[in-house]
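Enquirer: Let me begin by handing over the structure; questions about it come next.
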Amino acid sequence: MHEKMNAKMEAREINFYYGAVRALKNINMSITGNTVTAIIGPSGCGKSTFIRLLNRMHELVAGSRVEGHVYLDGKDILDPTIDAVDVRRSVGMVFQKPNPFPKTIFENISYGLTVNNVRDKDYIEAKVVESLKKAALWDEVKDRLKDNALRLSGGQQQRLCIARCLAVGPEVLLFDEPCASLDPISTGKIEELMLELKKNYTIVIVTHNMQQAARVSDTTGFFLMGELIEFGKTQDIFTAPKNKQTEAYITGRFG
Amino acid sequence: MENFTKIKEKIYRGGFTALAFSSLVFLAGIILLLLKESLPLFRHVRFSDFIFGRAWYPTASVPEWGIFPLIMASFWVTLGALFICVPLGVGSALYIHEIASAQQRVFLKPLIEILASIPSVVYGFFGMVVAAPFLQKAFGLPTGLCALTASIILGIMAIPTVCSLAEDALSCVPDSFREASYAVGANRWQTLMRVVLPAAGSGVSTAIILGMSRAIGETMTVLMVAGGAAIVPRSFLQPVRPMTSTIAAEMGEAVMGSLHYNALFSIGLVLFVITLVFNMIAEMVCKRFRLKLGIDR
Amino acid sequence: MKKRFSQRIGFGILWLCMAATLFFLGSIIYFIVVRGAGVFSWQFLTDVPRKSMTAGGVAPAIAGTVYLTMGAMVFALPLGIACAIYLNEYSPRGFIVNIIRMSINNLAGVPSVVFGLFGLALFVKSFKFGVSILSGSLTLGILVLPLIISAAQEALMAVPQSLREASLALGATHWQTIKRIVLPNALSGILTGAILSIGRIAGETAPILFTAATFYNRGFPKSIFDEAMALPYHIYALMTEGTHPDQQTAIAYGCALILLLLVLAISASAIIIRQRQRRFHA
C-alpha cells in the first residue's frame, strides 16, 4: 500500500510496437520515490525498451509506436503535447557503454546546462563541481578539468556520464546496464554511488547481473517476452519468487 | 524563452527539409529545360526521323537532323571501351582483393582512387598527342583520331572507376563464404572464381554498368580523339562523332534559339534518357546485391 | 596437379591485368610530366599569355579555375551539407526520402555535358547571367552536389549514435545536438569529402564549355559576371583552335601538367587524410 501512495513514476497499460512486432505487453508498474528499482530478464525481453520509454528515448527509433501512459508525479509524460526535451531534463539516463562527448571534462558536465540556456558562468562552475562531487569523481579529476574526457578510464567515464546527468537537475535517474562494460572494481564504485544517490533521486536500473540487482535494488521487476512477469520487493523475488519462470531465471536455468 | 527555442527547432527542421529537396528540383529542372529547349525541333522534324535518320547536316542549306550515326558512334566507342575496362578493371580488383599482400593493398587501393580523379581532358590530350600518332603509325591509318583510339582512351579512363567499385563489391562478400569453400578442399583460384566472384556478381555488374554509363556520357575524351565525322561507323578505324562530342563541338556555333540549338538539346535529352536508364538498372542490380548478401543500409 | 596449374595461370592473368592498369595510367602521367616539365617555369605560372598565345604564361587560366572551383564550392558545400543533415538527422524513412535519395543518385549519373546544357539554358539564357564565372560556378556546383551530399552523409553516419543519445538524454534539443555534438564530430570527414570534390570539379571541362569558358582573356577576370579562362578548357582550346600547333602543344603540355599535379595533389591529400581518419575511428 505504501508504494502506491508514494509513486514517483507510474506506467499504466503500456504496449509498445516496433513496426508490427509487439515488444511490450500491458505493462503496469509503479516506482516509489527515493528507491532503486531493478529490471531483470533475458536479452530481448523488452527491459531496455521499457526503460527508454521512461524518458521518451524510444522516439529515436523510427517506426516505433507506444500505447498507454507513464506518469511522473501524476503528469502523463507520453502526452504528445508535452515536449520530450522537458521530460528528459527531469528524467536523466546513463547508458550501457560510457559515452562521454569528445570534449573536456568540464565541457561534458556543463553541456546539459548550456543547452538549457544557463549562461551564468559562476553558477555553471559551481554546478560542475557539485555534480562531480556527487558522482564521486571530483577527487580524481579536480586538477584536470580541461583534459579530454576520453582519456579517463572506463569506470571514470561512466561516473562522468552520471555527473553529466546530475548537472541538469533530474529527479529520476535511469541506468541502462551501466556496468556491462566495466571491471568489477569500477562496478563496485558505481553500485556504491547508486546507494548514495537514492537519498536524493529515484533510480531505475536495467541489469543482466542478478547479484547486482540483489545488491542495489529495493524493488525488482522480471520481464520475459515483453511481459512483466513478476514485480515486488527484491528480497521476496530473490528468496521466494511467486512465479515459476521467475524462479527458473533467477536460479540460472535460462537466460 | 522556452517558446523561442521550440520555434527555432521548427524553423531549422523546415529549412533543412526545404533544402533537401534541392536535388529533386535540379533533376526536375534539367528534365524540364531539356524538354523545353528541344521540343521546338519536333515541330519540323518527326521524332522517328530524328532518331533513325542517317544524315546529320545541321548547317547545310537544307539541314538534315538524323542522329543515328551519332548514337551508333556512342554505342561503338562505349562497347570498345568495355573490352578494355571490364577485364582490366575487374582483373585488377580481383588482384587487389585476392593476391596483393597487405602492404600492396594499403598502397594500391588509394592509388587507384587517386588515379580516378585524373580529369578527362588530360586523357583526351594524351590520346591526341601520344596515342593517336602511335596507333596511326602502328596500323598505317589515314588518321589516328578514330573510334579505336577513342575506345582505348575511354577504356583506360574507366578502369579506376570500375576497379574501385568492383573491389568494394568483392570486399562485401563475407569471409564465411570463402572459408566454407576452403573447407571442402577448393584452392584459392577455385574459391575466387566459383564462390567469391559469383557472390559479388551483381555488385561487380553494378560497377560495370556505372562505368559504361560514365563512358557514354564522357565528353572531352571523345571530343578530342574520336575524329568527329558524322557517319555510321563501319569499322573501328574510322573517325566517328558520338553524341556528347557533337553537343560540345557545335553548341559554340549554334545560334541561340535556332533549330540547330534545339537539335543539340534534343541530343542532350536522348543522352540523358540513356544514362538515366543505365543508372536505374545499376540501382536495381545493386539493390539485389545488397539483399543477396543481407546488407541493409 | 591440374588444379594448381590452373591457379597459377589464373593468378598470372590477374597479375597481368594489374600490371597493365598501372602501366597505362603510369604512362599517361609519365608523358605529361616529362614533356610538360620542359615549359614549366615561374613565368609560366605567373605571366599572362603573350604573342597570340605562343609564349608567356597561363596565370589567368589558373586563376579562372580557382575562381570557378571556389564559386562552385561556395554554392554546393552548404547546400550539400544541409541535404545530408536532413537525410541523416531528421528524415524519418518514407516515401519522400526515397524520392530525394533517388534524385540524388540520378543526378550523380547525369553526363557532364548535359549539366552544361542545363547551365546554358538556365543561367546563361533564362537568368541572363551570360557566359560568366557565376554561370559556370553554379553549373559546376549542381554537378558536384551529389558527391558532397554522399560524402557528408558518410561523415555524419560515422558519428556514434551514443553521442546523439547522450545529448538528447540531457535535454538538448534536436538542433542543439546537431550543432554542438554531431557537426563538430563530422567536420573533418565533411571537409575531406569537400576537398575530394574540389579535385573532381577542377578538371571538369564540358560543363563550363558553354557557361563560363573563354579561350583568351587579356588579363584576370574582374567580376563574377566576366568570362574566364580555365586550365582544362585551355588545354582543349589550344589543341583544337590554336593557330601555332608547335608552340601551343608545348603550352598545352604545361597546362596538362599543372592540372594533373593540382588534381592529383588535392585528391591524394583528401584520400590519405580519409584513410588516417578511418584508421583512427577503427
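Please note that chains go A, B, ... in the order of the C-alpha cells, that every chain numbers its residues from 1, and that ligands are numbered from 1 in the order shown.
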Got a sec to pull out which chain A residues are within 12 Å of chain C, counting only C-alpha atoms, and send them as a PDB file with N, CA and C atoms, in the first residue's frame?

Expert:
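As written to disk, part.pdb reads:
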```
ATOM      1  N   ARG A  52      13.783   2.956 -21.737  1.00  0.00           N
ATOM      2  CA  ARG A  52      13.947   4.086 -22.666  1.00  0.00           C
ATOM      3  C   ARG A  52      12.644   4.851 -22.850  1.00  0.00           C
ATOM      4  N   LEU A  53      11.538   4.141 -22.612  1.00  0.00           N
ATOM      5  CA  LEU A  53      10.231   4.770 -22.691  1.00  0.00           C
ATOM      6  C   LEU A  53      10.052   5.797 -21.582  1.00  0.00           C
ATOM      7  N   LEU A  54      10.738   5.567 -20.451  1.00  0.00           N
ATOM      8  CA  LEU A  54      10.504   6.401 -19.282  1.00  0.00           C
ATOM      9  C   LEU A  54      11.041   7.818 -19.452  1.00  0.00           C
ATOM     10  N   ASN A  55      11.956   8.039 -20.435  1.00  0.00           N
ATOM     11  CA  ASN A  55      12.271   9.439 -20.750  1.00  0.00           C
ATOM     12  C   ASN A  55      12.146   9.701 -22.249  1.00  0.00           C
ATOM     13  N   ARG A  56      11.290   8.927 -22.857  1.00  0.00           N
ATOM     14  CA  ARG A  56      10.919   9.120 -24.264  1.00  0.00           C
ATOM     15  C   ARG A  56      12.088   8.993 -25.226  1.00  0.00           C
ATOM     16  N   MET A  57      13.135   8.239 -24.853  1.00  0.00           N
ATOM     17  CA  MET A  57      14.212   7.999 -25.801  1.00  0.00           C
ATOM     18  C   MET A  57      13.756   7.034 -26.899  1.00  0.00           C
ATOM     19  N   HIS A  58      12.645   6.359 -26.663  1.00  0.00           N
ATOM     20  CA  HIS A  58      12.152   5.424 -27.683  1.00  0.00           C
ATOM     21  C   HIS A  58      11.799   6.142 -28.983  1.00  0.00           C
ATOM     22  N   GLU A  59      11.565   7.445 -28.889  1.00  0.00           N
ATOM     23  CA  GLU A  59      11.161   8.188 -30.084  1.00  0.00           C
ATOM     24  C   GLU A  59      12.255   8.229 -31.145  1.00  0.00           C
ATOM     25  N   LEU A  60      13.499   7.931 -30.731  1.00  0.00           N
ATOM     26  CA  LEU A  60      14.595   7.959 -31.704  1.00  0.00           C
ATOM     27  C   LEU A  60      14.522   6.789 -32.668  1.00  0.00           C
ATOM     28  N   VAL A  61      13.750   5.763 -32.302  1.00  0.00           N
ATOM     29  CA  VAL A  61      13.663   4.596 -33.172  1.00  0.00           C
ATOM     30  C   VAL A  61      12.524   4.800 -34.165  1.00  0.00           C
ATOM     31  N   ALA A  62      12.893   4.846 -35.460  1.00  0.00           N
ATOM     32  CA  ALA A  62      11.863   5.070 -36.477  1.00  0.00           C
ATOM     33  C   ALA A  62      10.929   3.865 -36.527  1.00  0.00           C
ATOM     34  N   GLY A  63       9.659   4.131 -36.699  1.00  0.00           N
ATOM     35  CA  GLY A  63       8.692   3.048 -36.853  1.00  0.00           C
ATOM     36  C   GLY A  63       8.228   2.439 -35.541  1.00  0.00           C
ATOM     37  N   SER A  64       8.518   3.128 -34.417  1.00  0.00           N
ATOM     38  CA  SER A  64       8.039   2.593 -33.150  1.00  0.00           C
ATOM     39  C   SER A  64       6.771   3.316 -32.723  1.00  0.00           C
ATOM     40  N   ASP A  83       6.661  18.314 -24.292  1.00  0.00           N
ATOM     41  CA  ASP A  83       7.902  18.250 -25.053  1.00  0.00           C
ATOM     42  C   ASP A  83       8.839  17.207 -24.448  1.00  0.00           C
ATOM     43  N   ALA A  84       9.346  16.311 -25.321  1.00  0.00           N
ATOM     44  CA  ALA A  84      10.267  15.269 -24.852  1.00  0.00           C
ATOM     45  C   ALA A  84      11.486  15.891 -24.186  1.00  0.00           C
ATOM     46  N   VAL A  85      11.883  17.064 -24.684  1.00  0.00           N
ATOM     47  CA  VAL A  85      13.059  17.737 -24.132  1.00  0.00           C
ATOM     48  C   VAL A  85      12.853  18.038 -22.642  1.00  0.00           C
ATOM     49  N   ASP A  86      11.654  18.483 -22.284  1.00  0.00           N
ATOM     50  CA  ASP A  86      11.381  18.783 -20.871  1.00  0.00           C
ATOM     51  C   ASP A  86      11.392  17.514 -20.022  1.00  0.00           C
ATOM     52  N   VAL A  87      10.830  16.442 -20.611  1.00  0.00           N
ATOM     53  CA  VAL A  87      10.808  15.164 -19.881  1.00  0.00           C
ATOM     54  C   VAL A  87      12.225  14.722 -19.556  1.00  0.00           C
ATOM     55  N   ARG A  88      13.103  14.854 -20.542  1.00  0.00           N
ATOM     56  CA  ARG A  88      14.464  14.334 -20.362  1.00  0.00           C
ATOM     57  C   ARG A  88      15.261  15.158 -19.351  1.00  0.00           C
ATOM     58  N   ARG A  89      14.834  16.388 -19.127  1.00  0.00           N
ATOM     59  CA  ARG A  89      15.518  17.180 -18.100  1.00  0.00           C
ATOM     60  C   ARG A  89      15.153  16.673 -16.707  1.00  0.00           C
ATOM     61  N   SER A  90      13.939  16.124 -16.553  1.00  0.00           N
ATOM     62  CA  SER A  90      13.540  15.616 -15.241  1.00  0.00           C
ATOM     63  C   SER A  90      13.923  14.158 -15.056  1.00  0.00           C
ATOM     64  N   VAL A  91      14.048  13.448 -16.173  1.00  0.00           N
ATOM     65  CA  VAL A  91      14.386  12.024 -16.099  1.00  0.00           C
ATOM     66  C   VAL A  91      15.670  11.796 -16.888  1.00  0.00           C
ATOM     67  N   GLY A  92      16.786  11.662 -16.183  1.00  0.00           N
ATOM     68  CA  GLY A  92      18.077  11.510 -16.840  1.00  0.00           C
ATOM     69  C   GLY A  92      18.380  10.067 -17.161  1.00  0.00           C
ATOM     70  N   MET A  93      19.377   9.857 -18.023  1.00  0.00           N
ATOM     71  CA  MET A  93      19.677   8.484 -18.421  1.00  0.00           C
ATOM     72  C   MET A  93      21.177   8.255 -18.548  1.00  0.00           C
ATOM     73  N   VAL A  94      21.628   7.104 -18.038  1.00  0.00           N
ATOM     74  CA  VAL A  94      23.019   6.684 -18.182  1.00  0.00           C
ATOM     75  C   VAL A  94      23.012   5.388 -18.982  1.00  0.00           C
ATOM     76  N   PHE A  95      23.918   5.309 -19.976  1.00  0.00           N
ATOM     77  CA  PHE A  95      23.809   4.232 -20.965  1.00  0.00           C
ATOM     78  C   PHE A  95      24.745   3.074 -20.671  1.00  0.00           C
ATOM     79  N   GLN A  96      24.533   2.026 -21.453  1.00  0.00           N
ATOM     80  CA  GLN A  96      25.283   0.787 -21.300  1.00  0.00           C
ATOM     81  C   GLN A  96      26.789   0.995 -21.438  1.00  0.00           C
ATOM     82  N   LYS A  97      27.163   1.660 -22.555  1.00  0.00           N
ATOM     83  CA  LYS A  97      28.584   1.977 -22.732  1.00  0.00           C
ATOM     84  C   LYS A  97      28.781   3.428 -22.348  1.00  0.00           C
ATOM     85  N   PRO A  98      29.822   3.734 -21.587  1.00  0.00           N
ATOM     86  CA  PRO A  98      30.075   5.143 -21.266  1.00  0.00           C
ATOM     87  C   PRO A  98      30.177   5.937 -22.572  1.00  0.00           C
ATOM     88  N   ASN A  99      29.464   7.042 -22.673  1.00  0.00           N
ATOM     89  CA  ASN A  99      29.506   7.807 -23.920  1.00  0.00           C
ATOM     90  C   ASN A  99      29.803   9.287 -23.681  1.00  0.00           C
ATOM     91  N   PRO A 100      30.977   9.573 -23.077  1.00  0.00           N
ATOM     92  CA  PRO A 100      31.329  10.991 -22.917  1.00  0.00           C
ATOM     93  C   PRO A 100      31.510  11.634 -24.285  1.00  0.00           C
ATOM     94  N   PHE A 101      31.213  12.935 -24.369  1.00  0.00           N
ATOM     95  CA  PHE A 101      31.481  13.651 -25.606  1.00  0.00           C
ATOM     96  C   PHE A 101      32.981  13.820 -25.747  1.00  0.00           C
ATOM     97  N   PRO A 102      33.481  13.846 -26.993  1.00  0.00           N
ATOM     98  CA  PRO A 102      34.914  14.074 -27.160  1.00  0.00           C
ATOM     99  C   PRO A 102      35.259  15.544 -26.885  1.00  0.00           C
ATOM    100  N   LYS A 103      34.968  15.990 -25.681  1.00  0.00           N
ATOM    101  CA  LYS A 103      35.258  17.358 -25.249  1.00  0.00           C
ATOM    102  C   LYS A 103      35.982  17.256 -23.910  1.00  0.00           C
ATOM    103  N   GLU A 107      33.546  20.632 -20.059  1.00  0.00           N
ATOM    104  CA  GLU A 107      32.520  20.854 -21.087  1.00  0.00           C
ATOM    105  C   GLU A 107      31.472  19.752 -21.086  1.00  0.00           C
ATOM    106  N   ASN A 108      31.908  18.531 -20.780  1.00  0.00           N
ATOM    107  CA  ASN A 108      30.956  17.427 -20.698  1.00  0.00           C
ATOM    108  C   ASN A 108      29.888  17.710 -19.653  1.00  0.00           C
ATOM    109  N   ILE A 109      30.331  18.158 -18.475  1.00  0.00           N
ATOM    110  CA  ILE A 109      29.372  18.386 -17.388  1.00  0.00           C
ATOM    111  C   ILE A 109      28.524  19.624 -17.668  1.00  0.00           C
ATOM    112  N   SER A 110      29.164  20.666 -18.214  1.00  0.00           N
ATOM    113  CA  SER A 110      28.419  21.911 -18.393  1.00  0.00           C
ATOM    114  C   SER A 110      27.475  21.851 -19.590  1.00  0.00           C
ATOM    115  N   TYR A 111      27.668  20.860 -20.457  1.00  0.00           N
ATOM    116  CA  TYR A 111      26.858  20.772 -21.683  1.00  0.00           C
ATOM    117  C   TYR A 111      25.361  20.828 -21.387  1.00  0.00           C
ATOM    118  N   GLY A 112      24.925  19.993 -20.444  1.00  0.00           N
ATOM    119  CA  GLY A 112      23.498  19.922 -20.123  1.00  0.00           C
ATOM    120  C   GLY A 112      22.945  21.252 -19.637  1.00  0.00           C
ATOM    121  N   LEU A 113      23.807  22.047 -18.996  1.00  0.00           N
ATOM    122  CA  LEU A 113      23.354  23.360 -18.512  1.00  0.00           C
ATOM    123  C   LEU A 113      23.264  24.349 -19.660  1.00  0.00           C
ATOM    124  N   THR A 114      24.323  24.374 -20.500  1.00  0.00           N
ATOM    125  CA  THR A 114      24.336  25.386 -21.554  1.00  0.00           C
ATOM    126  C   THR A 114      23.248  25.115 -22.591  1.00  0.00           C
ATOM    127  N   VAL A 115      22.941  23.856 -22.866  1.00  0.00           N
ATOM    128  CA  VAL A 115      21.860  23.628 -23.827  1.00  0.00           C
ATOM    129  C   VAL A 115      20.519  24.031 -23.238  1.00  0.00           C
ATOM    130  N   ASN A 116      20.466  24.121 -21.919  1.00  0.00           N
ATOM    131  CA  ASN A 116      19.236  24.591 -21.299  1.00  0.00           C
ATOM    132  C   ASN A 116      19.283  26.079 -20.989  1.00  0.00           C
ATOM    133  N   ASN A 117      20.137  26.777 -21.745  1.00  0.00           N
ATOM    134  CA  ASN A 117      20.189  28.234 -21.707  1.00  0.00           C
ATOM    135  C   ASN A 117      20.656  28.821 -20.375  1.00  0.00           C
ATOM    136  N   GLN A 158      32.184   6.418 -16.956  1.00  0.00           N
ATOM    137  CA  GLN A 158      30.788   6.168 -16.609  1.00  0.00           C
ATOM    138  C   GLN A 158      30.340   7.084 -15.465  1.00  0.00           C
ATOM    139  N   LEU A 160      31.566   9.966 -14.947  1.00  0.00           N
ATOM    140  CA  LEU A 160      31.444  11.278 -15.592  1.00  0.00           C
ATOM    141  C   LEU A 160      30.059  11.416 -16.242  1.00  0.00           C
ATOM    142  N   CYS A 161      29.617  10.338 -16.867  1.00  0.00           N
ATOM    143  CA  CYS A 161      28.294  10.380 -17.508  1.00  0.00           C
ATOM    144  C   CYS A 161      27.202  10.565 -16.456  1.00  0.00           C
ATOM    145  N   ILE A 162      27.401   9.963 -15.286  1.00  0.00           N
ATOM    146  CA  ILE A 162      26.430  10.147 -14.205  1.00  0.00           C
ATOM    147  C   ILE A 162      26.449  11.601 -13.741  1.00  0.00           C
ATOM    148  N   ALA A 163      27.656  12.136 -13.575  1.00  0.00           N
ATOM    149  CA  ALA A 163      27.779  13.527 -13.142  1.00  0.00           C
ATOM    150  C   ALA A 163      27.135  14.474 -14.155  1.00  0.00           C
ATOM    151  N   ARG A 164      27.344  14.174 -15.432  1.00  0.00           N
ATOM    152  CA  ARG A 164      26.798  14.990 -16.518  1.00  0.00           C
ATOM    153  C   ARG A 164      25.266  15.018 -16.417  1.00  0.00           C
ATOM    154  N   CYS A 165      24.730  13.844 -16.082  1.00  0.00           N
ATOM    155  CA  CYS A 165      23.294  13.704 -15.904  1.00  0.00           C
ATOM    156  C   CYS A 165      22.808  14.538 -14.703  1.00  0.00           C
ATOM    157  N   LEU A 166      23.552  14.454 -13.608  1.00  0.00           N
ATOM    158  CA  LEU A 166      23.132  15.125 -12.378  1.00  0.00           C
ATOM    159  C   LEU A 166      23.118  16.640 -12.541  1.00  0.00           C
ATOM    160  N   ALA A 167      24.031  17.143 -13.364  1.00  0.00           N
ATOM    161  CA  ALA A 167      24.153  18.594 -13.509  1.00  0.00           C
ATOM    162  C   ALA A 167      22.865  19.234 -14.021  1.00  0.00           C
ATOM    163  N   VAL A 168      22.098  18.498 -14.779  1.00  0.00           N
ATOM    164  CA  VAL A 168      20.860  19.039 -15.345  1.00  0.00           C
ATOM    165  C   VAL A 168      19.780  19.171 -14.269  1.00  0.00           C
ATOM    166  N   GLY A 169      19.951  18.431 -13.155  1.00  0.00           N
ATOM    167  CA  GLY A 169      18.992  18.511 -12.073  1.00  0.00           C
ATOM    168  C   GLY A 169      17.761  17.639 -12.240  1.00  0.00           C
ATOM    169  N   PRO A 170      17.962  16.372 -12.572  1.00  0.00           N
ATOM    170  CA  PRO A 170      16.820  15.473 -12.754  1.00  0.00           C
ATOM    171  C   PRO A 170      16.266  15.004 -11.418  1.00  0.00           C
ATOM    172  N   LEU A 173      16.675   8.958 -12.206  1.00  0.00           N
ATOM    173  CA  LEU A 173      17.835   8.553 -12.997  1.00  0.00           C
ATOM    174  C   LEU A 173      17.586   7.154 -13.555  1.00  0.00           C
ATOM    175  N   LEU A 174      17.763   7.007 -14.862  1.00  0.00           N
ATOM    176  CA  LEU A 174      17.612   5.695 -15.480  1.00  0.00           C
ATOM    177  C   LEU A 174      19.003   5.160 -15.823  1.00  0.00           C
ATOM    178  N   PHE A 175      19.285   3.940 -15.423  1.00  0.00           N
ATOM    179  CA  PHE A 175      20.571   3.315 -15.754  1.00  0.00           C
ATOM    180  C   PHE A 175      20.298   2.108 -16.645  1.00  0.00           C
TER     181      PHE A 175
END
```

Enquirer: Quick check for you: according to DSSP on this backbone, which residues of segment 18-255 of chain A are classed as strand (DSSP E)? Reply as a ChimeraX atom specification.

Expert: /A:18,21-32,36-40,64-72,75-76,91-94,172-176,202-206,219-224,227-233

Enquirer: Using only C-alpha atoms, which chain B residues lie at most 6 Å away from chain C, written as a list in words?

Expert: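 Written out as asked, the residues are Phe16, Ala20, Ser23, Leu24, Ile30, Leu88, Gly91, Ser92, Tyr95, Ile114, Pro119, Trp189, Gly217 and Gly268 of chain B.
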
Enquirer: What's around segment 37-49 of chain B at 6 Å? Count only C-alpha atoms, leave out sequence neighbours fewer than 3 positions away in its own chain, and write the answer as a list of chain:residue names.

Expert: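 Within the cut-off, the hits are B:Leu33, B:Leu34, B:Phe52, B:Gly53, B:Leu259, B:Asn262, B:Phe265, B:Ser266.
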
Enquirer: So that I can see what lies close to Pro142 of chain B, please list as JSON, numbers by chain the residues with an atom at most 12 Å from it, counting only C-alpha atoms and leaving out residues fewer than 2 positions away in the same chain.

Expert: {"B": [132, 133, 135, 136, 137, 138, 139, 140, 144, 145, 146, 227, 237, 238, 239]}

Enquirer: Those residues you just picked out, can you put them in a file as a PDB file, in the first residue's frame with N, CA, C and O atoms?

Expert:
```
ATOM      1  N   ALA B 132      47.176   8.713 -80.496  1.00  0.00           N
ATOM      2  CA  ALA B 132      46.738   8.768 -81.893  1.00  0.00           C
ATOM      3  C   ALA B 132      47.898   8.626 -82.879  1.00  0.00           C
ATOM      4  O   ALA B 132      47.834   7.785 -83.781  1.00  0.00           O
ATOM      5  N   PRO B 133      48.973   9.396 -82.721  1.00  0.00           N
ATOM      6  CA  PRO B 133      50.099   9.215 -83.653  1.00  0.00           C
ATOM      7  C   PRO B 133      50.668   7.800 -83.599  1.00  0.00           C
ATOM      8  O   PRO B 133      51.019   7.221 -84.633  1.00  0.00           O
ATOM      9  N   LEU B 135      49.073   4.955 -82.832  1.00  0.00           N
ATOM     10  CA  LEU B 135      48.194   3.996 -83.487  1.00  0.00           C
ATOM     11  C   LEU B 135      48.181   4.209 -84.998  1.00  0.00           C
ATOM     12  O   LEU B 135      48.093   3.266 -85.775  1.00  0.00           O
ATOM     13  N   GLN B 136      48.292   5.481 -85.398  1.00  0.00           N
ATOM     14  CA  GLN B 136      48.308   5.778 -86.824  1.00  0.00           C
ATOM     15  C   GLN B 136      49.481   5.079 -87.495  1.00  0.00           C
ATOM     16  O   GLN B 136      49.342   4.442 -88.529  1.00  0.00           O
ATOM     17  N   LYS B 137      50.641   5.164 -86.825  1.00  0.00           N
ATOM     18  CA  LYS B 137      51.826   4.506 -87.368  1.00  0.00           C
ATOM     19  C   LYS B 137      51.670   2.994 -87.313  1.00  0.00           C
ATOM     20  O   LYS B 137      51.928   2.283 -88.275  1.00  0.00           O
ATOM     21  N   ALA B 138      51.198   2.510 -86.174  1.00  0.00           N
ATOM     22  CA  ALA B 138      51.127   1.067 -85.969  1.00  0.00           C
ATOM     23  C   ALA B 138      50.194   0.404 -86.977  1.00  0.00           C
ATOM     24  O   ALA B 138      50.467  -0.702 -87.438  1.00  0.00           O
ATOM     25  N   PHE B 139      49.055   1.051 -87.264  1.00  0.00           N
ATOM     26  CA  PHE B 139      48.087   0.419 -88.163  1.00  0.00           C
ATOM     27  C   PHE B 139      48.108   1.019 -89.562  1.00  0.00           C
ATOM     28  O   PHE B 139      47.324   0.628 -90.417  1.00  0.00           O
ATOM     29  N   GLY B 140      48.969   1.970 -89.826  1.00  0.00           N
ATOM     30  CA  GLY B 140      49.022   2.625 -91.115  1.00  0.00           C
ATOM     31  C   GLY B 140      47.727   3.328 -91.479  1.00  0.00           C
ATOM     32  O   GLY B 140      47.215   3.196 -92.594  1.00  0.00           O
ATOM     33  N   GLY B 144      44.889   9.072 -86.895  1.00  0.00           N
ATOM     34  CA  GLY B 144      44.872   8.345 -85.621  1.00  0.00           C
ATOM     35  C   GLY B 144      43.648   8.673 -84.791  1.00  0.00           C
ATOM     36  O   GLY B 144      43.357   8.006 -83.806  1.00  0.00           O
ATOM     37  N   LEU B 145      42.952   9.741 -85.199  1.00  0.00           N
ATOM     38  CA  LEU B 145      41.782  10.152 -84.428  1.00  0.00           C
ATOM     39  C   LEU B 145      40.564   9.373 -84.916  1.00  0.00           C
ATOM     40  O   LEU B 145      39.902   9.763 -85.867  1.00  0.00           O
ATOM     41  N   CYS B 146      40.285   8.228 -84.282  1.00  0.00           N
ATOM     42  CA  CYS B 146      39.219   7.360 -84.764  1.00  0.00           C
ATOM     43  C   CYS B 146      38.565   6.638 -83.594  1.00  0.00           C
ATOM     44  O   CYS B 146      38.955   6.822 -82.444  1.00  0.00           O
ATOM     45  N   GLY B 227      37.675  11.940 -83.671  1.00  0.00           N
ATOM     46  CA  GLY B 227      37.819  12.319 -85.069  1.00  0.00           C
ATOM     47  C   GLY B 227      36.715  13.202 -85.585  1.00  0.00           C
ATOM     48  O   GLY B 227      36.963  14.136 -86.345  1.00  0.00           O
ATOM     49  N   LEU B 237      38.285   1.717 -87.226  1.00  0.00           N
ATOM     50  CA  LEU B 237      39.401   2.568 -87.630  1.00  0.00           C
ATOM     51  C   LEU B 237      38.929   3.867 -88.275  1.00  0.00           C
ATOM     52  O   LEU B 237      39.731   4.681 -88.699  1.00  0.00           O
ATOM     53  N   GLN B 238      37.588   4.047 -88.354  1.00  0.00           N
ATOM     54  CA  GLN B 238      37.070   5.288 -88.931  1.00  0.00           C
ATOM     55  C   GLN B 238      36.891   6.346 -87.859  1.00  0.00           C
ATOM     56  O   GLN B 238      36.623   6.032 -86.704  1.00  0.00           O
ATOM     57  N   PRO B 239      36.988   7.619 -88.277  1.00  0.00           N
ATOM     58  CA  PRO B 239      36.645   8.680 -87.338  1.00  0.00           C
ATOM     59  C   PRO B 239      35.134   8.664 -87.092  1.00  0.00           C
ATOM     60  O   PRO B 239      34.366   8.377 -88.018  1.00  0.00           O
TER      61      PRO B 239
END
```

Enquirer: Measuring between only C-alpha atoms, which one of B:Ile159, B:Ala166, B:Met128, B:Lys10 shows the shortest distance to Phe23 of chain C?

Expert: B:Ile159

Enquirer: Would you compute the distance between atom CA of Val196 of chain B and atom CA of Leu291 of chain B? Give it in Å to one decimal.

Expert: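 Interatomic distance here is 16.1 Å.
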
Enquirer: Which of these residues is nearest to chain B, using only C-alpha atoms: A:Gln156, A:Pro241, A:Ile190, A:Val118?

Expert: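 Closest candidate: A:Val118.
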
Enquirer: Which residue gives the smallest distance to Ala7 of chain A among A:Ala126, A:Val172, A:Ala136, A:Ile27, with only C-alpha atoms counted?

Expert: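 Residue with the minimum atom-to-atom distance to Ala7 of chain A: A:Val172.
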
Enquirer: Rounded to one decimal place, report the atom CA of Arg12 of chain A-atom CA of Pro42 of chain A distance in Å.

Expert: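 Interatomic distance, atom CA of Arg12 of chain A to atom CA of Pro42 of chain A: 22.6 Å.
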
Enquirer: Please identify the helix (DSSP H, G or I) residues within segment 48-159 of chain C (assignment by DSSP from backbone atoms) and present them as a PyMOL selection string.

Expert: chain C and resi 59-90+95-109+112-126+133-157

Enquirer: Compile the contact shell of Trp56 of chain B as a PyMOL selection string: residues with an atom at most 12 Å away, counting only C-alpha atoms, same-chain residues fewer than 4 positions apart removed.

Expert: chain B and resi 49-52+60+62-71+228-232+241-243+246+250+260+263-264+267

Enquirer: Compile the contact shell of segment 42-55 of chain C as a PyMOL selection string: residues with an atom at most 12 Å away, counting only C-alpha atoms, same-chain residues fewer than 2 positions apart removed.

Expert: chain C and resi 36-40+57-63+215-220+229+231+234-235+237-239+241-255+257-259

Enquirer: Here is a test: counting only C-alpha atoms, which residue of A:Val66, A:Ile237, A:Ser153, A:Ile82 is nearest to chain B?

Expert: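 Smallest separation from chain B among the options: A:Ile82.
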
Enquirer: Write out as a PyMOL selection string the residues lying within 8 Å of Gly201 of chain B, counting only C-alpha atoms and excluding same-chain residues fewer than 4 positions away.

Expert: chain B and resi 197+205+289

Enquirer: How would the residues just chosen look if you wrote them out with C-alpha atoms as a PDB file, in the first residue's frame?

Expert:
```
ATOM      1  CA  LEU B 197      33.124 -13.590 -57.815  1.00  0.00           C
ATOM      2  CA  SER B 205      27.837  -5.770 -62.642  1.00  0.00           C
ATOM      3  CA  PHE B 289      23.175  -7.492 -54.490  1.00  0.00           C
TER       4      PHE B 289
END
```
